[in-house]
$ cat coords-v2.txt   # compact mmCIF, C-alpha atoms
# COMPACT_ATOMS: atom_id res chain seq x y z
CA MET M 1 0.00 0.00 0.00
CA ASN M 2 1.48 3.38 -0.99
CA ILE M 3 1.11 6.59 0.98
CA ARG M 4 -1.55 7.99 -1.35
CA THR M 5 -3.77 4.95 -0.82
CA ALA M 6 -3.13 5.06 2.94
CA ASN M 7 -4.24 8.71 2.99
CA TRP M 8 -7.63 8.00 1.46
CA LEU M 9 -8.11 4.74 3.34
CA THR M 10 -7.53 6.60 6.61
CA ILE M 11 -10.05 9.27 5.60
CA ILE M 12 -12.69 6.66 4.73
CA ILE M 13 -12.14 4.62 7.92
CA THR M 14 -12.25 7.77 10.06
CA ALA M 15 -15.54 8.87 8.46
CA VAL M 16 -17.10 5.41 8.85
CA VAL M 17 -16.04 5.16 12.51
CA GLY M 18 -17.35 8.67 13.16
CA ILE M 19 -20.74 7.86 11.63
CA VAL M 20 -20.94 4.59 13.62
CA PHE M 21 -20.25 6.53 16.83
CA ILE M 22 -23.01 9.01 16.00
CA VAL M 23 -25.64 6.39 15.09
CA TRP M 24 -24.91 3.89 17.89
CA HIS M 25 -23.70 6.10 20.74
CA ASN M 26 -26.59 4.89 22.99
CA GLU M 27 -26.05 1.15 22.39
CA VAL M 28 -25.31 -0.76 25.60
CA ASN M 29 -22.82 -3.19 24.02
CA LEU M 30 -21.15 -0.60 21.87
CA PHE M 31 -17.99 -0.07 23.88
CA ASN M 32 -16.19 -3.36 23.09
CA TRP M 33 -16.63 -2.66 19.40
CA LEU M 34 -15.83 0.98 20.05
CA VAL M 35 -12.43 0.07 21.47
CA ARG M 36 -11.70 -2.18 18.48
CA ALA M 37 -12.74 0.60 16.09
CA LEU M 38 -10.44 3.03 17.87
CA GLY M 39 -7.63 0.50 17.60
CA LEU M 40 -8.17 0.36 13.85
CA VAL M 41 -8.27 4.16 13.65
CA LEU M 42 -4.86 4.24 15.36
CA ILE M 43 -3.23 1.45 13.33
CA VAL M 44 -3.95 2.89 9.87
CA PRO M 45 -2.59 6.43 10.53
CA GLY M 46 0.27 4.85 12.48
CA GLY M 47 1.21 2.80 9.44
CA TYR M 48 0.93 5.89 7.28
CA ILE M 49 3.21 7.89 9.59
CA LEU M 50 5.70 5.01 9.61
CA MET M 51 5.85 4.91 5.79
CA ASN M 52 6.01 8.69 5.65
CA SER M 53 8.91 8.84 8.10
CA PHE M 54 11.00 6.52 5.94
CA GLY M 55 9.95 8.44 2.83
CA ALA M 56 10.89 11.76 4.43
CA ALA M 57 14.30 10.35 5.36
CA ARG M 58 14.95 9.20 1.79
CA ASN M 59 13.78 12.53 0.40
CA ALA M 60 15.98 14.51 2.81
CA LYS M 61 19.04 12.49 1.80
CA ILE M 62 18.35 13.28 -1.84
CA SER M 63 17.61 16.99 -1.46
CA GLY M 64 19.57 17.87 1.70
CA SER M 65 22.30 20.49 1.67
CA VAL M 66 24.65 18.75 4.11
CA THR M 67 27.25 16.43 2.63
CA ASP M 68 29.43 13.73 4.11
CA GLY M 69 32.18 12.71 1.73
CA GLY M 70 30.02 13.66 -1.24
CA ARG M 71 26.97 11.78 0.12
CA ARG M 72 23.82 13.73 0.97
CA VAL M 73 22.73 13.39 4.61
CA MET M 74 19.91 14.79 6.71
CA THR M 75 20.32 17.93 8.77
CA PHE M 76 19.82 17.72 12.55
CA LYS M 77 16.32 19.23 12.24
CA GLU M 78 15.32 16.75 9.55
CA ARG M 79 16.77 13.82 11.49
CA SER M 80 14.96 14.87 14.69
CA ALA M 81 11.63 15.19 12.84
CA SER M 82 12.08 11.79 11.20
CA THR M 83 12.95 10.14 14.53
CA ALA M 84 9.94 11.71 16.27
CA MET M 85 7.65 10.49 13.48
CA LEU M 86 9.08 6.99 13.77
CA VAL M 87 8.54 6.85 17.55
CA VAL M 88 4.98 8.19 17.28
CA SER M 89 4.10 5.66 14.57
CA VAL M 90 5.46 2.67 16.49
CA VAL M 91 3.68 3.66 19.72
CA THR M 92 0.43 4.30 17.83
CA ILE M 93 0.54 0.94 16.06
CA ILE M 94 1.33 -0.97 19.28
CA LEU M 95 -1.55 0.72 21.13
CA GLY M 96 -3.92 0.04 18.24
CA VAL M 97 -3.00 -3.66 18.10
CA PHE M 98 -3.42 -3.98 21.88
CA MET M 99 -6.87 -2.39 21.67
CA LEU M 100 -7.91 -4.84 18.98
CA ALA M 101 -6.57 -7.84 20.92
CA VAL M 102 -7.78 -6.96 24.46
CA PRO M 103 -10.72 -4.53 24.20
CA THR M 104 -12.16 -5.35 27.64
CA PHE M 105 -9.08 -3.82 29.28
CA PHE M 106 -9.97 -0.43 27.80
CA VAL M 107 -13.76 -0.35 28.22
CA GLY M 108 -13.58 1.28 31.65
CA LEU M 109 -11.26 3.91 30.22
CA ILE M 110 -13.39 4.66 27.18
CA ALA M 111 -13.76 8.41 27.81
CA TYR M 112 -10.00 8.82 28.25
CA LEU M 113 -9.38 6.73 25.15
CA LEU M 114 -11.74 8.87 23.09
CA ALA M 115 -10.14 12.04 24.44
CA SER M 116 -6.70 10.65 23.58
CA VAL M 117 -7.80 9.81 20.03
CA LEU M 118 -9.16 13.33 19.56
CA VAL M 119 -5.97 14.98 20.80
CA VAL M 120 -3.63 12.71 18.80
CA TYR M 121 -5.72 12.95 15.64
CA GLY M 122 -6.05 16.73 15.88
CA VAL M 123 -2.34 17.26 16.55
CA TYR M 124 -1.45 14.95 13.67
CA GLN M 125 -3.64 16.92 11.25
CA ILE M 126 -2.13 20.21 12.41
CA VAL M 127 1.40 18.85 11.93
CA THR M 128 0.41 17.53 8.49
CA LEU M 129 -0.91 20.94 7.46
CA ALA M 130 2.10 22.83 8.81
CA TYR M 131 4.91 20.42 7.87
CA PHE M 132 3.99 17.71 5.34
CA CYS M 133 2.17 20.12 3.01
CA ARG M 134 5.35 22.10 2.34
CA PRO M 135 6.09 23.90 0.10
CA VAL M 136 2.34 24.43 -0.30
CA VAL M 137 0.84 26.87 2.22
CA MET M 138 -2.63 25.70 3.20
CA PRO M 139 -5.50 28.12 4.00
CA TRP M 140 -5.95 28.97 7.67
CA TYR M 141 -9.51 27.60 7.83
CA TYR M 142 -8.24 24.02 7.45
CA TYR M 143 -6.75 24.38 10.95
CA ILE M 144 -10.15 25.06 12.56
CA VAL M 145 -11.45 21.47 12.77
CA PRO M 146 -8.12 20.00 14.06
CA ALA M 147 -7.87 22.78 16.65
CA ILE M 148 -11.44 22.15 17.86
CA THR M 149 -10.71 18.42 17.95
CA VAL M 150 -7.66 18.93 20.19
CA LEU M 151 -9.53 21.35 22.48
CA THR M 152 -12.47 18.95 22.83
CA GLY M 153 -10.11 16.14 23.80
CA ILE M 154 -8.53 18.33 26.46
CA VAL M 155 -11.96 19.40 27.78
CA ILE M 156 -12.98 15.73 28.12
CA PHE M 157 -9.79 15.05 30.10
CA VAL M 158 -10.19 17.90 32.59
CA THR M 159 -13.97 18.18 33.12
CA PRO M 160 -16.70 15.87 34.54
CA VAL M 161 -18.12 15.35 31.03
CA ARG M 162 -15.79 12.31 30.78
CA ALA M 163 -18.20 10.45 33.10
CA MET M 164 -20.94 10.61 30.44
CA ASN M 165 -19.77 7.97 27.98
CA THR M 166 -22.65 8.40 25.53
CA ILE M 167 -22.07 12.16 25.20
CA VAL M 168 -18.32 11.66 24.79
CA THR M 169 -18.96 9.00 22.14
CA LEU M 170 -21.35 11.29 20.25
CA LEU M 171 -18.88 14.20 20.36
CA THR M 172 -16.08 11.94 19.14
CA GLY M 173 -18.23 10.67 16.28
CA LEU M 174 -19.12 14.19 15.17
CA LEU M 175 -15.53 15.40 15.32
CA LEU M 176 -14.10 12.36 13.54
CA THR M 177 -16.65 12.79 10.75
CA PHE M 178 -15.86 16.49 10.37
CA ALA M 179 -12.13 15.72 10.53
CA ALA M 180 -12.45 13.19 7.70
CA ILE M 181 -14.32 15.72 5.54
CA ASN M 182 -11.75 18.39 6.39
CA TRP M 183 -8.87 16.05 5.53
CA ALA M 184 -10.42 15.07 2.18
CA MET M 185 -10.92 18.73 1.23
CA GLN M 186 -7.36 19.46 2.36
CA ARG M 187 -5.97 16.72 0.06
CA VAL M 188 -7.84 18.12 -2.96
CA THR M 189 -6.81 21.72 -2.22
CA MET M 190 -3.18 20.77 -1.67
CA ARG M 191 -2.97 18.84 -4.92
CA ARG M 192 -4.40 21.75 -6.92
CA ARG M 193 -2.08 24.28 -5.28
CA LEU M 194 0.95 22.06 -5.78
CA ALA M 195 0.08 21.60 -9.46
CA ARG M 196 -0.25 25.38 -9.95
CA GLN M 197 2.97 26.03 -8.04
CA GLN M 198 4.95 23.48 -10.05
CA SER M 199 3.57 24.63 -13.40
CA SER M 200 4.62 28.23 -12.72
CA ALA M 201 7.97 27.43 -11.08
CA VAL M 202 10.01 26.99 -14.30
CA PRO M 203 9.67 29.49 -17.19
CA ASP M 204 10.42 26.94 -19.93
CA GLY M 205 7.45 24.83 -18.90
CA THR M 206 9.48 22.02 -17.33
CA VAL M 207 7.77 21.03 -14.10
CA PRO M 208 10.07 19.93 -11.26
CA VAL M 209 8.38 16.99 -9.57
CA ASN M 210 8.99 16.09 -5.95
CA ARG M 211 7.84 12.47 -5.76
CA GLN M 212 7.57 12.47 -1.96
CA ILE M 213 5.29 15.53 -2.00
CA GLU M 214 3.15 13.92 -4.71
CA GLU M 215 2.73 10.82 -2.58
CA ASN M 216 1.84 12.89 0.51
CA VAL M 217 -0.77 14.85 -1.43
CA GLY M 218 -2.81 11.76 -2.35
$ encode --input "coords-v2.txt" --output "structure tokens"
Amino acid sequence: MNIRTANWLTIIITAVVGIVFIVWHNEVNLFNWLVRALGLVLIVPGGYILMNSFGAARNAKISGSVTDGGRRVMTFKERSASTAMLVVSVVTIILGVFMLAVPTFFVGLIAYLLASVLVVYGVYQIVTLAYFCRPVVMPWYYYIVPAITVLTGIVIFVTPVRAMNTIVTLLTGLLLTFAAINWAMQRVTMRRRLARQQSSAVPDGTVPVNRQIEENVG
């Protein structure tokens, strides 16, 4: 599976999970399946981040300005970002697999799990907009949904609303659905802007193509 496919698969899964949360948030036996669904939501983006971290490392070695005996190497900033992405992806995948394998362990912690998913998902989308979309500058309004998602997760953590599982589940469903729509619109906008930017970058009509950016765009 390439990164482009992983992008759209993540968007679809996120939207489906969000809709399921909205429709079935009052179901008594929902939470075991809810934990499994959250595990799946974590595994797919985790796999995407893992592939993207290796892709970013390869791209930095090709286009980096630091040399070591004539060989391109990553700068400290690029290496730190790649390492952080790798750690986040591994932790996310491990947690997702554990949630799929032992859902009963997490049922009593469902509100905290949902809050964690909202914070992680929102932060990831903000980082994607600010970092992975380069050199394309995305419109400010694409940051609204991720910011609200992060703030909602924090509110669930620090207020008594976490005791009301059905409300937390409904909120999570709504935000995941909006996040999926926001992410899909972001992909389309980024691809159009990147195409315009590349087509106007070289006067003779030759378009410089960054394969890693193309894959990230999806």
$ closest_residue --input "coords-v2.txt" --among "M:Trp24, M:Arg4, M:Val155, M:Arg36" --to "M:Arg191" --atoms "all atoms listed in the file"
M:Arg4
$ atom_distance --input "coords-v2.txt" --atom1 "atom CA of M:Met99" --atom2 "atom CA of M:Thr159"
24.6 Å
$ closest_atom_pairs --input "coords-v2.txt" --of "stretch 100-146 of chain M" --to "stretch 10-16 of chain M" --cutoff "12 Å" --atoms "only C-alpha atoms" --output "tab-separated table"
residue	atom	partner	partner_atom	distance
M:Val117	CA	M:Thr14	CA	11.1
M:Leu118	CA	M:Thr14	CA	11.4
M:Tyr121	CA	M:Thr14	CA	10.0
M:Gln125	CA	M:Ile11	CA	11.5
$ atom_distance --input "coords-v2.txt" --atom1 "atom CA of M:Trp140" --atom2 "atom CA of M:Thr172"
22.9 Å
$ residues_around --input "coords-v2.txt" --residues "M:Ile19" --least-positions-apart "2" --cutoff "12 Å" --atoms "only C-alpha atoms" --output "list of chain:residue names"
M:Ile12, M:Ile13, M:Thr14, M:Ala15, M:Val16, M:Val17, M:Phe21, M:Ile22, M:Val23, M:Trp24, M:His25, M:Leu34, M:Ala37, M:Thr169, M:Leu170, M:Leu171, M:Thr172, M:Gly173, M:Leu174, M:Leu175, M:Leu176, M:Thr177, M:Phe178, M:Ala179, M:Ala180, M:Ile181
$ residues_around --input "coords-v2.txt" --residues "M:Tyr143" --least-positions-apart "5" --cutoff "9 Å" --atoms "only C-alpha atoms" --output "list in words"
Gln125, Ile126, Leu129, Met138 and Ile148 of chain M
$ closest_residue --input "coords-v2.txt" --among "M:Leu40, M:Met85, M:Val145, M:Val158" --to "M:Ala111" --atoms "only C-alpha atoms"
M:Val158
$ atom_distance --input "coords-v2.txt" --atom1 "atom CA of M:Thr149" --atom2 "atom CA of M:Asn32"
23.0 Å
$ closest_residue --input "coords-v2.txt" --among "M:Tyr48, M:Tyr131, M:Tyr142, M:Phe98" --to "M:Ala184" --atoms "only C-alpha atoms"
M:Tyr142
$ residues_around --input "coords-v2.txt" --residues "M:Val107" --least-positions-apart "2" --cutoff "12 Å" --atoms "all atoms listed in the file" --output "MDAnalysis selection string"
chainID M and resid 28:36 38 99:100 102:105 109:114 165
$ write_last_selection --input "coords-v2.txt" --atoms "C-alpha atoms" --output "mmCIF file, in the frame of the given file"
data_model
loop_
_atom_site.group_PDB
_atom_site.id
_atom_site.type_symbol
_atom_site.label_atom_id
_atom_site.label_comp_id
_atom_site.auth_asym_id
_atom_site.auth_seq_id
_atom_site.Cartn_x
_atom_site.Cartn_y
_atom_site.Cartn_z
ATOM 1 C CA VAL M 28 -25.310 -0.760 25.600
ATOM 2 C CA ASN M 29 -22.820 -3.190 24.020
ATOM 3 C CA LEU M 30 -21.150 -0.600 21.870
ATOM 4 C CA PHE M 31 -17.990 -0.070 23.880
ATOM 5 C CA ASN M 32 -16.190 -3.360 23.090
ATOM 6 C CA TRP M 33 -16.630 -2.660 19.400
ATOM 7 C CA LEU M 34 -15.830 0.980 20.050
ATOM 8 C CA VAL M 35 -12.430 0.070 21.470
ATOM 9 C CA ARG M 36 -11.700 -2.180 18.480
ATOM 10 C CA LEU M 38 -10.440 3.030 17.870
ATOM 11 C CA MET M 99 -6.870 -2.390 21.670
ATOM 12 C CA LEU M 100 -7.910 -4.840 18.980
ATOM 13 C CA VAL M 102 -7.780 -6.960 24.460
ATOM 14 C CA PRO M 103 -10.720 -4.530 24.200
ATOM 15 C CA THR M 104 -12.160 -5.350 27.640
ATOM 16 C CA PHE M 105 -9.080 -3.820 29.280
ATOM 17 C CA LEU M 109 -11.260 3.910 30.220
ATOM 18 C CA ILE M 110 -13.390 4.660 27.180
ATOM 19 C CA ALA M 111 -13.760 8.410 27.810
ATOM 20 C CA TYR M 112 -10.000 8.820 28.250
ATOM 21 C CA LEU M 113 -9.380 6.730 25.150
ATOM 22 C CA LEU M 114 -11.740 8.870 23.090
ATOM 23 C CA ASN M 165 -19.770 7.970 27.980
#
